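Novice: Data file model-v3.cif (mmCIF, C-alpha atoms) is appended below.
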data_run
loop_
_atom_site.label_atom_id
_atom_site.label_comp_id
_atom_site.auth_asym_id
_atom_site.auth_seq_id
_atom_site.Cartn_x
_atom_site.Cartn_y
_atom_site.Cartn_z
CA MET A 94 72.50 75.15 105.01
CA ALA A 95 69.70 76.56 102.85
CA PHE A 96 68.48 78.47 105.90
CA VAL A 97 71.90 80.14 106.31
CA ALA A 98 71.86 81.20 102.63
CA PHE A 99 68.36 82.57 103.09
CA LEU A 100 69.45 84.56 106.16
CA ALA A 101 72.43 85.95 104.30
CA LEU A 102 70.19 87.16 101.50
CA ALA A 103 67.57 88.49 103.90
CA CYS A 104 70.17 90.45 105.86
CA GLN A 105 71.39 92.32 102.81
CA PRO A 106 70.46 96.00 102.89
CA LYS A 107 67.38 96.79 100.85
CA GLY A 108 68.21 97.97 97.33
CA ALA A 109 71.55 96.20 97.32
CA GLU A 110 71.75 94.15 94.16
CA THR A 111 74.05 91.34 93.38
CA HIS A 112 75.77 91.92 90.06
CA ALA A 113 77.14 89.16 88.02
CA HIS A 114 80.81 89.60 87.37
CA PHE A 115 81.74 88.86 83.77
CA THR A 116 85.34 88.69 82.78
CA LYS A 117 87.00 89.12 79.44
CA ALA A 118 87.31 85.32 79.28
CA ASP A 119 83.53 84.97 79.78
CA SER A 120 82.86 87.47 77.02
CA LEU A 121 85.30 85.82 74.61
CA MET A 122 83.91 82.35 75.31
CA ASP A 123 80.38 83.64 74.81
CA THR A 124 81.33 85.16 71.43
CA TYR A 125 83.23 82.00 70.47
CA LEU A 126 80.20 79.79 71.25
CA GLU A 127 77.78 82.13 69.47
CA LEU A 128 79.93 82.11 66.33
CA GLN A 129 80.23 78.32 66.46
CA ASP A 130 76.45 78.00 66.79
CA SER A 131 75.87 80.44 63.93
CA VAL A 132 78.20 78.53 61.61
CA LEU A 133 76.45 75.25 62.44
CA GLN A 134 72.97 76.76 62.07
CA VAL A 135 73.64 78.20 58.61
CA TRP A 136 75.36 74.99 57.51
CA ASN A 137 72.34 72.95 58.58
CA MET A 138 69.92 75.29 56.79
CA MET A 139 72.01 75.02 53.63
CA ILE A 140 72.16 71.22 53.79
CA ASN A 141 68.41 71.04 54.49
CA ASP A 142 67.69 73.09 51.38
CA ASP A 143 70.10 70.98 49.36
CA ASN A 144 68.27 67.87 50.62
CA HIS A 145 64.99 69.53 49.65
CA LYS A 146 66.35 70.21 46.16
CA LEU A 147 67.40 66.58 45.70
CA LYS A 148 64.06 65.29 46.98
CA LYS A 149 62.18 67.58 44.59
CA MET A 150 64.39 66.38 41.74
CA LYS A 151 63.44 62.79 42.60
CA ALA A 152 59.77 63.77 42.81
CA LEU A 153 60.01 65.51 39.45
CA VAL A 154 61.48 62.42 37.79
CA HIS A 155 58.75 60.30 39.38
CA GLU A 156 56.04 62.69 38.21
CA LEU A 157 57.42 62.62 34.66
CA LYS A 158 57.30 58.81 34.75
CA VAL A 159 53.70 58.61 35.97
CA SER A 160 52.63 61.35 33.56
CA GLY A 161 53.67 59.21 30.62
CA HIS A 162 57.06 60.61 29.59
CA ASN A 163 58.18 58.63 26.58
CA ASP A 164 61.81 58.02 27.62
CA PRO A 165 61.74 55.83 30.76
CA GLN A 166 65.42 54.81 30.37
CA ARG A 167 66.51 58.45 30.50
CA LEU A 168 64.36 59.00 33.60
CA THR A 169 65.91 55.94 35.26
CA SER A 170 69.36 57.32 34.45
CA LEU A 171 68.43 60.71 35.94
CA ASN A 172 67.19 58.99 39.09
CA GLU A 173 70.52 57.18 39.43
CA GLN A 174 72.41 60.45 38.93
CA ILE A 175 70.37 62.09 41.71
CA ASP A 176 71.22 59.16 44.01
CA GLN A 177 74.87 59.69 43.12
CA LEU A 178 74.63 63.35 44.18
CA TRP A 179 73.64 62.26 47.68
CA ARG A 180 76.77 60.12 47.87
CA VAL A 181 79.29 62.65 46.54
CA ARG A 182 78.06 65.73 48.38
CA PHE A 183 80.69 67.55 50.39
CA THR A 184 80.75 67.73 54.18
CA GLN A 185 82.23 70.36 56.47
CA LYS A 186 85.43 68.32 56.52
CA SER A 187 85.63 67.74 52.76
CA LEU A 188 84.92 71.43 52.14
CA ASN A 189 88.68 71.89 52.55
CA ASN A 190 89.04 70.15 49.19
CA LEU A 191 87.56 72.57 46.68
CA ALA A 192 87.72 69.88 43.97
CA VAL A 193 85.03 67.92 45.87
CA VAL A 194 82.79 71.00 45.97
CA ASP A 195 83.45 71.78 42.31
CA GLU A 196 82.66 68.21 41.30
CA TYR A 197 79.40 68.25 43.25
CA ASP A 198 78.41 71.66 41.88
CA PHE A 199 79.17 70.63 38.31
CA ALA A 200 77.15 67.42 38.62
CA SER A 201 74.26 69.19 40.37
CA ASN A 202 74.10 72.05 37.85
CA ALA A 203 74.32 69.66 34.89
CA LEU A 204 71.55 67.54 36.33
CA ILE A 205 69.31 70.56 37.00
CA SER A 206 69.91 71.78 33.44
CA GLU A 207 69.11 68.37 31.99
CA LEU A 208 65.99 68.00 34.13
CA THR A 209 64.84 71.50 33.20
CA SER A 210 65.33 70.86 29.49
CA LEU A 211 63.63 67.47 29.65
CA THR A 212 60.73 68.80 31.72
CA GLU A 213 60.08 71.90 29.63
CA SER A 214 60.14 69.83 26.43
CA PHE A 215 57.61 67.34 27.85
CA GLU A 216 54.44 67.53 25.78
CA HIS A 217 52.20 67.87 28.89
CA PHE A 218 54.38 70.43 30.67
CA GLN A 219 52.09 73.41 30.01
CA LYS A 220 49.05 71.50 31.33
CA ASN A 221 50.64 69.85 34.38
CA THR A 222 50.93 72.28 37.29
CA THR A 223 52.44 69.58 39.52
CA ILE A 224 55.41 69.21 37.19
CA GLN A 225 55.71 73.00 36.81
CA ASN A 226 55.67 73.45 40.61
CA LEU A 227 58.23 70.70 41.18
CA LEU A 228 60.59 72.25 38.65
CA GLN A 229 60.16 75.66 40.28
CA ASP A 230 60.81 74.09 43.71
CA VAL A 231 64.09 72.63 42.43
CA HIS A 232 65.22 76.04 41.14
CA ASN A 233 64.11 77.86 44.31
CA ALA A 234 65.91 75.41 46.61
CA ASP A 235 69.03 75.65 44.47
CA GLN A 236 68.99 79.45 44.76
CA ARG A 237 68.52 79.27 48.55
CA VAL A 238 71.53 76.94 48.78
CA ILE A 239 73.62 79.54 46.96
CA ASN A 240 72.40 82.24 49.34
CA TYR A 241 73.15 80.09 52.39
CA ARG A 242 76.66 79.41 51.08
CA ALA A 243 77.33 83.14 50.97
CA GLU A 244 75.93 83.53 54.49
CA TYR A 245 77.97 80.55 55.69
CA ASP A 246 81.12 82.09 54.21
CA GLN A 247 80.50 85.40 55.98
CA ILE A 248 79.97 83.76 59.36
CA ALA A 249 82.86 81.31 58.90
CA GLN A 250 85.17 84.20 57.98
CA ARG A 251 84.08 86.10 61.13
CA TYR A 252 84.68 82.94 63.16
CA ASN A 253 88.14 82.49 61.61
CA ALA A 254 89.06 86.13 62.23
CA PHE A 255 87.90 85.82 65.83
CA LEU A 256 90.03 82.70 66.31
CA GLN A 257 93.05 84.39 64.80
CA ALA A 258 92.66 87.41 67.07
CA HIS A 259 91.96 85.49 70.29
CA ALA A 260 93.48 82.01 69.88
CA ASN A 261 96.04 82.34 72.66
CA TYR A 262 93.54 83.71 75.12
CA LEU A 263 90.92 81.06 74.30
CA LYS A 264 93.41 78.18 74.60
CA GLU A 265 94.77 79.57 77.85
CA HIS A 266 91.33 79.67 79.47
CA ASP A 267 89.71 76.60 77.91
CA GLN A 268 91.86 73.71 76.76
CA SER A 269 88.85 72.10 75.04
CA CYS A 270 88.44 74.98 72.56
CA SER A 271 88.87 73.90 68.99
CA LEU A 272 91.09 76.36 67.21
CA ASP A 273 90.49 74.83 63.79
CA LYS A 274 89.46 77.40 61.24
CA LYS A 275 86.31 76.75 59.24
CA PRO A 276 86.77 76.19 55.51
CA VAL A 277 84.76 78.41 53.17
CA PHE A 278 83.27 77.92 49.72
CA GLU A 279 84.99 80.82 48.03
CA VAL A 280 88.73 80.99 47.71
CA VAL A 281 89.97 83.61 50.14
CA ALA A 282 93.45 85.04 49.73
CA ASP A 283 95.65 84.23 52.72
CA LEU A 284 96.79 87.54 54.20
CA ASN A 285 99.68 86.02 56.16
#
When written as structure tokens, how does the structure in this file appear?
Specialist:
Amino acid sequence: MAFVAFLALACQPKGAETHAHFTKADSLMDTYLELQDSVLQVWNMMINDDNHKLKKMKALVHELKVSGHNDPQRLTSLNEQIDQLWRVRFTQKSLNNLAVVDEYDFASNALISELTSLTESFEHFQKNTTIQNLLQDVHNADQRVINYRAEYDQIAQRYNAFLQAHANYLKEHDQSCSLDKKPVFEVVADLN
């Protein structure tokens, strides 16, 4: 059988090329999959930076403890609050409930503010570059999370617009396509 295929290819006139034939359905499915991958990639980058922020917050509390901060009960409380942030963080599914996101953001921002105030008032802050760097890492990761949210929203909105424009065609050609729109962080006015 392989020999017959080889002969068929060998008998083609020289210079004749086989061209792949792409249909509209192929193009739409390719775009659909690319948008899905982009949404997931940006989401994962955002969550990774949020994880990094929380880990640096834990490291900062630890460093304050070992550096002799004089309020160990407050540091223990901060550590517990950071652990709580891990548990209440939103997911892609809970993103539909903006109250969950607001609650997480409020708790995270309050904790960062409290940690910043506590750290900057620590008597050894100016001399301890480890503590300074950890605090800066927390702020940098928090800013990256904000940037990734904006990027996520842009891609999710493109994905949603694509679904709205091509839902019937996608469902007709691939029953396994999920036509669920992606929730976004900012409130977007419904144009329907």
Novice: Enumerate, as a PyMOL selection string, the residues matched when the PyMOL selection byres ((chain A and resi 223-240) around 8) is run on the file above.
Specialist: chain A and resi 139-140+142-143+145-147+149-150+152-153+156-157+205+209+212+218-219+221-222+241-244
Novice: Just the number, please: distance in Å from CA of Leu191 (chain A) to CA of Val277 (chain A), one decimal.
Specialist: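 That distance, rounded to one decimal, is 9.2 Å.
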Novice: Would you work out the distance separating CA of Ser269 (chain A) from CA of Met138 (chain A), expressed in Å to one decimal?
Specialist: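 Taking CA of Ser269 (chain A) and CA of Met138 (chain A), their separation equals 26.5 Å.
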Novice: Suppose you want the space between CA of Thr124 (chain A) and CA of Glu265 (chain A); what is it in Å?
Specialist: 15.9 Å
Novice: Can you give me, as a ChimeraX atom specification, the residues this file yields under the PyMOL selection byres ((chain A and resi 122) around 12)?
Specialist: /A:115-121,123-129,255-256,259-260,262-271
Novice: Which of these residues is nearest to Lys220 (chain A), using only C-alpha atoms: A:Ser160, A:Gln134, A:Phe183, A:Asn253?
Specialist: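 The answer is A:Ser160, which sits nearest to Lys220 (chain A).
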Novice: For Glu173 (chain A), please output as a PDB file with C-alpha atoms, in the frame of the given file all residues within 12 Å (counting all atoms listed in the file; exclusion window: fewer than 3 positions along the same chain).
Specialist:
ATOM      1  CA  LEU A 147      67.400  66.580  45.700  1.00  0.00           C
ATOM      2  CA  MET A 150      64.390  66.380  41.740  1.00  0.00           C
ATOM      3  CA  LYS A 151      63.440  62.790  42.600  1.00  0.00           C
ATOM      4  CA  VAL A 154      61.480  62.420  37.790  1.00  0.00           C
ATOM      5  CA  GLN A 166      65.420  54.810  30.370  1.00  0.00           C
ATOM      6  CA  ARG A 167      66.510  58.450  30.500  1.00  0.00           C
ATOM      7  CA  LEU A 168      64.360  59.000  33.600  1.00  0.00           C
ATOM      8  CA  THR A 169      65.910  55.940  35.260  1.00  0.00           C
ATOM      9  CA  SER A 170      69.360  57.320  34.450  1.00  0.00           C
ATOM     10  CA  ASP A 176      71.220  59.160  44.010  1.00  0.00           C
ATOM     11  CA  GLN A 177      74.870  59.690  43.120  1.00  0.00           C
ATOM     12  CA  LEU A 178      74.630  63.350  44.180  1.00  0.00           C
ATOM     13  CA  TRP A 179      73.640  62.260  47.680  1.00  0.00           C
ATOM     14  CA  ARG A 180      76.770  60.120  47.870  1.00  0.00           C
ATOM     15  CA  LEU A 204      71.550  67.540  36.330  1.00  0.00           C
TER      16      LEU A 204
END
